[in-house]
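For reference, query.cif is printed below; it contains mmCIF, C-alpha atoms.
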```cif
data_protein
#
loop_
_atom_site.label_atom_id
_atom_site.label_comp_id
_atom_site.auth_asym_id
_atom_site.auth_seq_id
_atom_site.Cartn_x
_atom_site.Cartn_y
_atom_site.Cartn_z
CA MET A 1 -21.17 -34.66 4.98
CA THR A 2 -22.17 -33.59 8.47
CA GLY A 3 -20.52 -32.50 11.68
CA HIS A 4 -17.60 -30.39 12.72
CA ASP A 5 -15.32 -33.04 14.23
CA VAL A 6 -11.82 -31.75 13.62
CA SER A 7 -10.41 -33.25 16.82
CA ASP A 8 -8.05 -35.54 14.89
CA THR A 9 -6.20 -32.62 13.32
CA VAL A 10 -3.96 -29.87 14.62
CA PRO A 11 -5.99 -26.64 14.67
CA LEU A 12 -5.19 -24.05 12.02
CA ARG A 13 -3.91 -20.78 13.35
CA ALA A 14 -2.49 -17.62 11.88
CA ASP A 15 -0.83 -14.46 13.19
CA LEU A 16 -2.83 -11.67 11.63
CA VAL A 17 -2.34 -7.90 11.58
CA ILE A 18 -4.96 -5.31 10.81
CA GLU A 19 -3.60 -1.82 10.22
CA TYR A 20 -4.97 1.50 8.98
CA PRO A 21 -2.75 4.53 8.28
CA PHE A 22 -5.42 7.11 9.10
CA ILE A 23 -4.87 10.83 8.59
CA ARG A 24 -7.64 12.86 10.21
CA THR A 25 -8.55 16.45 9.51
CA THR A 26 -8.79 18.15 12.85
CA GLY A 27 -11.29 20.98 12.56
CA PRO A 28 -10.44 24.37 14.12
CA VAL A 29 -10.81 23.37 17.80
CA VAL A 30 -8.81 20.14 17.97
CA GLY A 31 -6.47 21.81 15.46
CA ALA A 32 -5.91 24.64 17.95
CA PHE A 33 -4.89 22.11 20.61
CA LEU A 34 -2.41 20.48 18.22
CA THR A 35 -1.15 23.88 17.06
CA GLY A 36 -0.55 24.66 20.73
CA LEU A 37 1.42 21.45 21.21
CA ARG A 38 3.64 22.41 18.28
CA GLU A 39 4.17 25.83 19.87
CA ALA A 40 4.77 24.22 23.31
CA VAL A 41 1.59 25.76 24.69
CA LEU A 42 -1.36 23.95 26.26
CA VAL A 43 -4.84 25.22 25.47
CA GLY A 44 -8.38 24.36 26.47
CA ILE A 45 -11.79 25.75 25.67
CA ARG A 46 -14.18 27.80 27.79
CA ARG A 47 -17.52 26.14 28.41
CA VAL A 48 -20.88 27.87 28.63
CA ASP A 49 -20.64 27.82 32.45
CA GLY A 50 -17.24 29.54 32.33
CA THR A 51 -15.11 26.52 33.22
CA VAL A 52 -12.21 25.41 31.00
CA MET A 53 -11.89 21.94 29.43
CA VAL A 54 -8.49 20.54 28.43
CA PRO A 55 -8.17 19.21 25.77
CA PRO A 56 -10.72 21.43 24.03
CA VAL A 57 -13.90 20.02 22.51
CA GLU A 58 -16.14 21.55 19.87
CA TYR A 59 -19.43 21.34 21.73
CA ASP A 60 -20.43 21.86 25.36
CA PRO A 61 -20.86 18.36 26.84
CA VAL A 62 -23.96 19.46 28.80
CA THR A 63 -25.71 22.08 26.67
CA SER A 64 -24.39 20.94 23.23
CA GLU A 65 -23.76 24.57 22.29
CA SER A 66 -20.81 25.35 20.01
CA LEU A 67 -17.74 26.39 21.98
CA THR A 68 -15.48 29.01 20.42
CA GLU A 69 -13.17 30.55 23.05
CA VAL A 70 -9.83 28.73 23.08
CA VAL A 71 -7.83 29.70 26.17
CA GLU A 72 -4.23 29.08 27.14
CA VAL A 73 -3.65 27.23 30.38
CA SER A 74 -0.46 26.67 32.35
CA SER A 75 2.05 23.96 31.47
CA THR A 76 2.22 23.23 35.20
CA GLY A 77 -0.40 21.37 37.18
CA THR A 78 -1.29 18.89 39.90
CA ILE A 79 -1.71 15.11 39.72
CA VAL A 80 -5.26 14.19 40.73
CA SER A 81 -5.03 10.47 39.95
CA TRP A 82 -2.33 8.14 38.67
CA THR A 83 -1.32 4.57 37.88
CA TRP A 84 1.94 2.76 37.20
CA VAL A 85 2.41 0.86 33.93
CA ASP A 86 4.89 -2.03 34.08
CA PRO A 87 5.69 -3.41 31.59
CA PRO A 88 4.92 -0.65 29.06
CA ARG A 89 2.18 -1.55 26.59
CA PRO A 90 3.29 -2.64 23.07
CA GLY A 91 3.19 0.31 20.70
CA SER A 92 2.89 2.91 23.46
CA PRO A 93 5.06 6.06 23.29
CA TRP A 94 7.13 4.76 26.23
CA ASP A 95 9.54 1.83 26.17
CA THR A 96 10.18 1.66 29.92
CA PRO A 97 7.86 1.36 32.94
CA HIS A 98 6.16 4.69 33.50
CA GLY A 99 3.41 6.56 35.26
CA LEU A 100 0.14 7.62 33.71
CA ALA A 101 -1.68 10.45 35.43
CA LEU A 102 -4.62 12.78 35.24
CA VAL A 103 -3.00 16.20 35.50
CA LEU A 104 -5.14 19.21 36.42
CA LEU A 105 -3.30 22.07 34.78
CA ASP A 106 -3.39 25.47 36.46
CA GLY A 107 -6.22 27.39 34.80
CA ALA A 108 -8.07 24.23 33.73
CA ASP A 109 -11.13 22.62 35.29
CA THR A 110 -10.73 19.14 33.78
CA PRO A 111 -7.59 16.98 34.01
CA LEU A 112 -5.47 15.81 31.05
CA LEU A 113 -4.25 12.20 30.78
CA HIS A 114 -0.54 11.80 30.02
CA GLY A 115 2.66 10.08 31.10
CA VAL A 116 4.70 11.05 34.13
CA LEU A 117 8.45 10.81 33.75
CA VAL A 118 9.65 9.29 37.01
CA ASP A 119 11.67 6.16 37.72
CA SER A 120 9.32 4.39 40.10
CA ALA A 121 5.80 4.43 41.50
CA ASP A 122 7.28 5.58 44.83
CA GLU A 123 7.80 9.00 43.30
CA LEU A 124 4.13 9.43 42.39
CA ALA A 125 1.39 10.85 44.59
CA THR A 126 -1.86 12.68 44.19
CA GLY A 127 -1.22 16.36 44.78
CA LEU A 128 2.26 16.15 43.22
CA ARG A 129 3.11 19.27 41.24
CA VAL A 130 4.30 18.50 37.70
CA GLU A 131 5.28 20.44 34.59
CA ALA A 132 5.21 19.65 30.88
CA VAL A 133 8.34 18.26 29.21
CA TRP A 134 8.43 19.14 25.51
CA ARG A 135 10.14 17.43 22.62
CA ASP A 136 12.70 19.66 20.90
CA GLU A 137 11.27 19.01 17.41
CA ARG A 138 7.48 19.35 17.45
CA VAL A 139 5.05 18.62 14.63
CA GLY A 140 1.55 19.18 16.04
CA HIS A 141 0.91 15.80 17.67
CA ILE A 142 0.21 14.65 21.23
CA THR A 143 3.70 13.09 21.31
CA ASP A 144 5.15 16.62 21.11
CA LEU A 145 4.47 16.47 24.83
CA VAL A 146 6.92 13.86 26.13
CA GLY A 147 5.08 13.83 29.45
CA PHE A 148 5.07 15.57 32.81
CA ALA A 149 7.93 15.70 35.30
CA PRO A 150 7.81 16.65 39.00
CA VAL A 151 8.44 20.35 39.57
CA ALA A 152 11.84 20.50 41.26
CA ARG A 153 11.02 23.48 43.45
CA ASP A 154 7.50 24.87 43.37
CA THR A 155 7.70 28.61 43.93
CA SER A 156 3.95 29.19 43.83
CA GLU A 157 2.37 30.26 47.08
CA GLY A 158 -0.76 28.91 48.64
CA SER A 159 -2.35 25.84 47.10
CA MET B 1 -10.52 35.49 15.59
CA THR B 2 -10.16 32.97 12.80
CA ASN B 3 -12.48 31.14 10.47
CA THR B 4 -12.41 27.40 9.95
CA PRO B 5 -9.12 26.51 8.22
CA VAL B 6 -9.60 24.51 5.06
CA PRO B 7 -7.11 21.81 3.96
CA ASP B 8 -5.46 22.33 0.57
CA GLY B 9 -7.47 21.09 -2.37
CA VAL B 10 -10.87 21.17 -0.69
CA PRO B 11 -13.25 23.45 -2.58
CA THR B 12 -14.32 26.16 -0.15
CA ASP B 13 -17.95 25.92 -1.26
CA GLN B 14 -18.02 22.34 0.03
CA VAL B 15 -16.98 23.28 3.54
CA ALA B 16 -19.64 23.75 6.20
CA GLU B 17 -18.73 26.99 7.95
CA GLY B 18 -18.58 26.68 11.75
CA PRO B 19 -18.65 29.62 14.14
CA PRO B 20 -15.47 31.73 14.28
CA ILE B 21 -13.00 30.48 16.88
CA ASP B 22 -11.18 32.83 19.27
CA LEU B 23 -7.53 31.86 19.73
CA PRO B 24 -5.12 33.03 22.45
CA PRO B 25 -2.22 35.23 21.25
CA SER B 26 0.31 32.40 21.57
CA ILE B 27 -1.23 30.47 18.65
CA SER B 28 -3.19 33.08 16.72
CA ASN B 29 -0.47 34.14 14.28
CA VAL B 30 1.11 30.80 13.45
CA GLU B 31 0.30 28.26 10.76
CA PRO B 32 -2.64 26.18 12.07
CA VAL B 33 -2.43 22.41 12.29
CA LEU B 34 -5.11 21.00 9.95
CA SER B 35 -4.54 17.25 10.09
CA VAL B 36 -2.98 14.60 12.28
CA ARG B 37 -1.71 11.07 11.63
CA THR B 38 -3.52 8.53 13.80
CA PRO B 39 -2.50 5.08 12.53
CA ILE B 40 -4.04 2.08 14.25
CA ARG B 41 -2.69 -1.46 14.33
CA LEU B 42 -3.98 -4.67 15.86
CA GLU B 43 -1.92 -7.86 16.01
CA TYR B 44 -3.86 -10.98 16.83
CA ASP B 45 -3.62 -14.75 16.86
CA PHE B 46 -6.45 -16.18 14.76
CA ILE B 47 -7.77 -19.69 15.36
CA PRO B 48 -10.72 -20.44 13.04
CA SER B 49 -13.88 -22.05 14.38
CA ALA B 50 -14.44 -25.77 13.74
CA ALA B 51 -16.66 -25.01 10.74
CA ALA B 52 -14.15 -22.52 9.33
CA GLN B 53 -11.30 -25.03 9.80
CA GLN B 54 -13.21 -27.62 7.80
CA TYR B 55 -13.95 -25.00 5.13
CA LEU B 56 -10.30 -23.90 4.86
CA ARG B 57 -8.99 -27.47 4.59
CA ALA B 58 -11.48 -28.25 1.80
CA TYR B 59 -10.67 -24.92 0.13
CA ALA B 60 -7.04 -26.06 -0.15
CA SER B 61 -8.23 -28.75 -2.58
CA LYS B 62 -10.47 -26.36 -4.53
CA ARG B 63 -13.67 -27.40 -2.79
CA ILE B 64 -16.05 -24.76 -1.45
CA LEU B 65 -18.16 -25.81 1.53
CA GLY B 66 -21.29 -24.19 2.91
CA ASN B 67 -23.68 -24.85 5.80
CA ARG B 68 -27.35 -25.64 5.23
CA SER B 69 -29.83 -24.19 7.73
CA PRO B 70 -32.01 -26.85 9.39
CA VAL B 71 -34.79 -24.24 9.60
CA ASP B 72 -35.42 -23.28 5.99
CA GLY B 73 -32.62 -24.86 3.97
CA ALA B 74 -30.74 -21.61 3.31
CA VAL B 75 -27.09 -22.28 2.39
CA PHE B 76 -24.42 -20.08 3.96
CA VAL B 77 -20.91 -19.71 2.63
CA PRO B 78 -18.37 -19.64 4.19
CA PRO B 79 -19.85 -21.97 6.83
CA ARG B 80 -19.94 -20.66 10.41
CA GLY B 81 -21.63 -23.63 12.05
CA VAL B 82 -24.74 -21.64 12.89
CA ASP B 83 -27.78 -20.07 11.28
CA PRO B 84 -27.41 -16.59 12.78
CA ARG B 85 -30.96 -15.59 11.83
CA ASN B 86 -32.52 -18.33 13.93
CA GLY B 87 -29.85 -18.90 16.54
CA VAL B 88 -29.54 -22.62 15.81
CA VAL B 89 -26.67 -24.95 15.05
CA ALA B 90 -26.23 -25.53 11.30
CA ASP B 91 -23.69 -28.33 10.94
CA GLU B 92 -24.78 -29.89 7.65
CA MET B 93 -21.99 -29.29 5.15
CA VAL B 94 -22.77 -28.97 1.45
CA ASP B 95 -20.36 -28.83 -1.48
CA LEU B 96 -20.79 -25.81 -3.72
CA VAL B 97 -19.57 -25.26 -7.27
CA ASP B 98 -16.93 -22.66 -8.04
CA ARG B 99 -19.18 -20.59 -10.25
CA GLY B 100 -22.00 -18.15 -9.66
CA HIS B 101 -22.90 -14.55 -10.37
CA VAL B 102 -22.14 -11.04 -9.16
CA GLY B 103 -24.79 -10.02 -6.63
CA SER B 104 -23.36 -6.57 -5.96
CA PHE B 105 -20.01 -4.92 -6.54
CA CYS B 106 -17.81 -1.88 -5.94
CA ILE B 107 -15.12 -0.35 -8.16
CA THR B 108 -12.27 1.06 -6.07
CA HIS B 109 -10.07 3.80 -7.53
CA LEU B 110 -8.01 4.65 -4.42
CA PRO B 111 -5.10 2.31 -3.68
CA ILE B 112 -4.82 0.63 -0.28
CA PRO B 113 -1.45 1.63 1.20
CA GLY B 114 0.87 -1.38 1.25
CA ARG B 115 -1.18 -3.40 -1.28
CA ARG B 116 1.03 -3.14 -4.37
CA ASP B 117 -0.47 -6.44 -5.54
CA LEU B 118 -3.84 -4.72 -5.98
CA PRO B 119 -3.55 -2.12 -8.76
CA VAL B 120 -6.48 0.28 -9.16
CA PRO B 121 -9.13 0.27 -10.35
CA TYR B 122 -10.13 -3.09 -8.91
CA VAL B 123 -13.57 -4.60 -8.44
CA SER B 124 -14.66 -6.27 -5.23
CA ALA B 125 -17.96 -8.11 -5.42
CA TRP B 126 -20.41 -10.26 -3.54
CA ILE B 127 -20.15 -13.55 -5.39
CA HIS B 128 -23.36 -15.60 -5.15
CA LEU B 129 -22.37 -19.20 -5.89
CA ASP B 130 -24.89 -21.46 -7.57
CA GLY B 131 -26.68 -23.23 -4.72
CA ALA B 132 -25.72 -20.66 -2.05
CA ASP B 133 -28.16 -18.19 -0.55
CA ILE B 134 -25.75 -15.48 0.51
CA GLY B 135 -22.79 -13.92 -1.24
CA PHE B 136 -19.16 -14.06 -0.25
CA LEU B 137 -16.55 -11.47 -1.03
CA GLY B 138 -14.15 -11.77 -3.97
CA LEU B 139 -12.31 -9.79 -6.62
CA VAL B 140 -13.63 -9.70 -10.19
CA ALA B 141 -11.02 -9.52 -12.98
CA GLY B 142 -10.55 -10.72 -16.51
CA CYS B 143 -12.64 -7.90 -17.94
CA ALA B 144 -12.73 -4.11 -17.78
CA ALA B 145 -13.94 -2.78 -14.43
CA THR B 146 -16.63 -0.87 -16.28
CA ASP B 147 -17.97 -4.12 -17.77
CA VAL B 148 -18.77 -5.65 -14.37
CA ARG B 149 -22.50 -5.65 -13.66
CA ILE B 150 -25.04 -7.14 -11.26
CA GLY B 151 -26.06 -10.58 -12.52
CA MET B 152 -22.84 -11.22 -14.50
CA ARG B 153 -21.92 -14.95 -14.45
CA VAL B 154 -18.42 -15.65 -13.08
CA ARG B 155 -16.17 -18.58 -12.25
CA ALA B 156 -13.21 -18.96 -9.87
CA VAL B 157 -9.65 -18.54 -11.10
CA TRP B 158 -7.69 -20.67 -8.64
CA LYS B 159 -4.06 -20.31 -7.70
CA PRO B 160 -1.72 -22.89 -9.23
CA ASP B 161 -2.14 -26.21 -7.39
CA ALA B 162 1.33 -25.97 -5.85
CA GLU B 163 0.35 -22.71 -4.13
CA LEU B 164 -2.97 -23.88 -2.69
CA ALA B 165 -3.12 -23.93 1.14
CA ALA B 166 -5.61 -23.86 3.97
CA THR B 167 -6.04 -20.09 3.75
CA ALA B 168 -8.74 -17.76 2.45
CA GLU B 169 -6.50 -16.77 -0.49
CA ASN B 170 -6.83 -19.70 -2.90
CA VAL B 171 -9.09 -17.94 -5.41
CA LEU B 172 -7.08 -15.25 -7.20
CA HIS B 173 -10.21 -13.65 -8.60
CA TRP B 174 -13.48 -14.39 -10.38
CA GLU B 175 -13.68 -14.05 -14.16
CA PRO B 176 -16.66 -13.73 -16.51
CA THR B 177 -17.90 -17.02 -18.00
CA GLY B 178 -19.68 -15.40 -20.95
CA GLU B 179 -22.98 -17.08 -20.05
CA PRO B 180 -26.16 -15.00 -20.18
CA ASP B 181 -26.58 -12.75 -17.09
CA VAL B 182 -28.87 -13.59 -14.23
CA PRO B 183 -31.69 -11.04 -14.49
CA VAL B 184 -31.06 -8.16 -12.08
CA ASP B 185 -34.34 -8.81 -10.28
CA GLU B 186 -33.21 -12.38 -9.53
CA ALA B 187 -29.58 -11.59 -8.73
CA GLY B 188 -27.89 -11.48 -5.33
CA ASN B 189 -30.04 -11.24 -2.24
CA ARG B 190 -33.11 -10.58 -4.37
CA GLY B 191 -32.83 -14.17 -5.59
CA TRP B 192 -33.23 -15.47 -2.04
CA ALA B 193 -36.33 -13.32 -1.50
CA LEU B 194 -37.83 -14.65 -4.73
CA ARG B 195 -37.07 -18.29 -3.84
CA GLN B 196 -38.61 -17.80 -0.40
CA ALA B 197 -41.73 -16.24 -1.90
CA ALA B 198 -42.03 -19.16 -4.34
CA THR B 199 -41.69 -21.66 -1.46
CA ARG B 200 -44.45 -19.92 0.51
CA GLY B 201 -46.66 -19.90 -2.58
CA GLY B 202 -46.10 -23.64 -2.94
CA ASP B 203 -47.08 -24.25 0.68
CA ASP B 204 -50.30 -22.33 0.22
CA ALA B 205 -51.32 -24.20 -2.93
#
```
Would you encode the structure as structure tokens?
Amino acid sequence: MTGHDVSDTVPLRADLVIEYPFIRTTGPVVGAFLTGLREAVLVGIRRVDGTVMVPPVEYDPVTSESLTEVVEVSSTGTIVSWTWVDPPRPGSPWDTPHGLALVLLDGADTPLLHGVLVDSADELATGLRVEAVWRDERVGHITDLVGFAPVARDTSEGS
Amino acid sequence: MTNTPVPDGVPTDQVAEGPPIDLPPSISNVEPVLSVRTPIRLEYDFIPSAAAQQYLRAYASKRILGNRSPVDGAVFVPPRGVDPRNGVVADEMVDLVDRGHVGSFCITHLPIPGRRDLPVPYVSAWIHLDGADIGFLGLVAGCAATDVRIGMRVRAVWKPDAELAATAENVLHWEPTGEPDVPVDEAGNRGWALRQAATRGGDDA
């Protein structure tokens, strides 16, 4: 018996699902970030060169040294880059079209990726000031942060 | 300043101690988060290759097909239509018997969430069919998990005929035949190495 001619038959096909219910232990640094989310506080970590990364990582990405100083940053920041997602991706935290943005929080030196809660792409712009919107019941998960919303009236002076 | 938090139930002498972490006041006197749920899920539409389609259709009538390599005659099961070691088409189909031996195995004591049909402990094994040169994965049952061993002869326990279909699930499990074991040194992938060595010896003679 030779050959793979199956052209006279309807191809087999199956809808398959692969699924893993992972629970990860966090370690003290990622755990601090998640603890902050539960407490409605955003934290980063100070690098060897003095700059602050958000979210925090355990090792300096350049020198590989252990990082140990978790610092609180502001829940308000500036959009440095963004995109519009329409339709929302299956399984994403959002069920309507939404923005995704890199938000440079005040006090941080690296931007955080998260959703922006506006109704259309026309409301998004780089340089837009936004603030964190928190879920009322928080458990220590990134979804504790619903997303960022434009600051209605920015009272900060200067930049 | 806090030391590495340790999840409940983990012996502290088995935890590698990292450097102390400085926390800001806002999170330094609250219960730390130690774990996070990160489930993943992928839904996909699977269309088997031509060789796999032929295999699955034959499997529905309790036949097991393999591919023979045109390079050295090695028989692969399930057939993939290629010899991946040599990068050549392997489209010769061969019928294999539904018995063989355990080449390697694993006893699992932790249940898979959602798999109530798979009570622990269960034994998954590389089944090396007679005439095949690689193993394929199956469950071993019909004996105590602790009795499973490398080289143990097994045969397929098929689903009832009415339940057979062109899927990978037609063999319920593999059960011991009671025949004498294949010697460990000749079992599983070691058997292939021995057969290859014997072939080379024959060529030299």
**Message:** Using all atoms listed in the file and a cut-off of 8 Å, which residues of chain B sit close to chain A? Please list them as a ChimeraX atom specification.
**Reply:** /B:3-5,7,19-24,26-27,31-48,50-51,53-54,81,91-94,113
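Taking CA of Leu137 (chain B) and CA of Val157 (chain B) as the two end points, the separation is 14.1 Å.
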If you take every atom of region 147-164 of chain B that the file lists and fit an axis-aligned box around them with 6 Å extra on each side, what centre and edge lengths come out in Å to one decimal, as lines of an AutoDock Vina configuration file?
```
center_x = -12.4
center_y = -15.2
center_z = -10.2
size_x = 39.4
size_y = 34.1
size_z = 27.1
```
**Request:** Within 8 Å of Ile150 (chain B), counting all atoms listed in the file, which residues show up once you throw out same-chain ones fewer than 2 positions away? Write them as JSON, numbers by chain, please.
**Result:** {"B": [101, 102, 103, 104, 105, 148, 152, 184, 187, 188]}
**Message:** Would you compute the distance between CA of Gly18 (chain B) and CA of Val30 (chain B)? Give it in Å to one decimal.
**Reply:** 20.2 Å
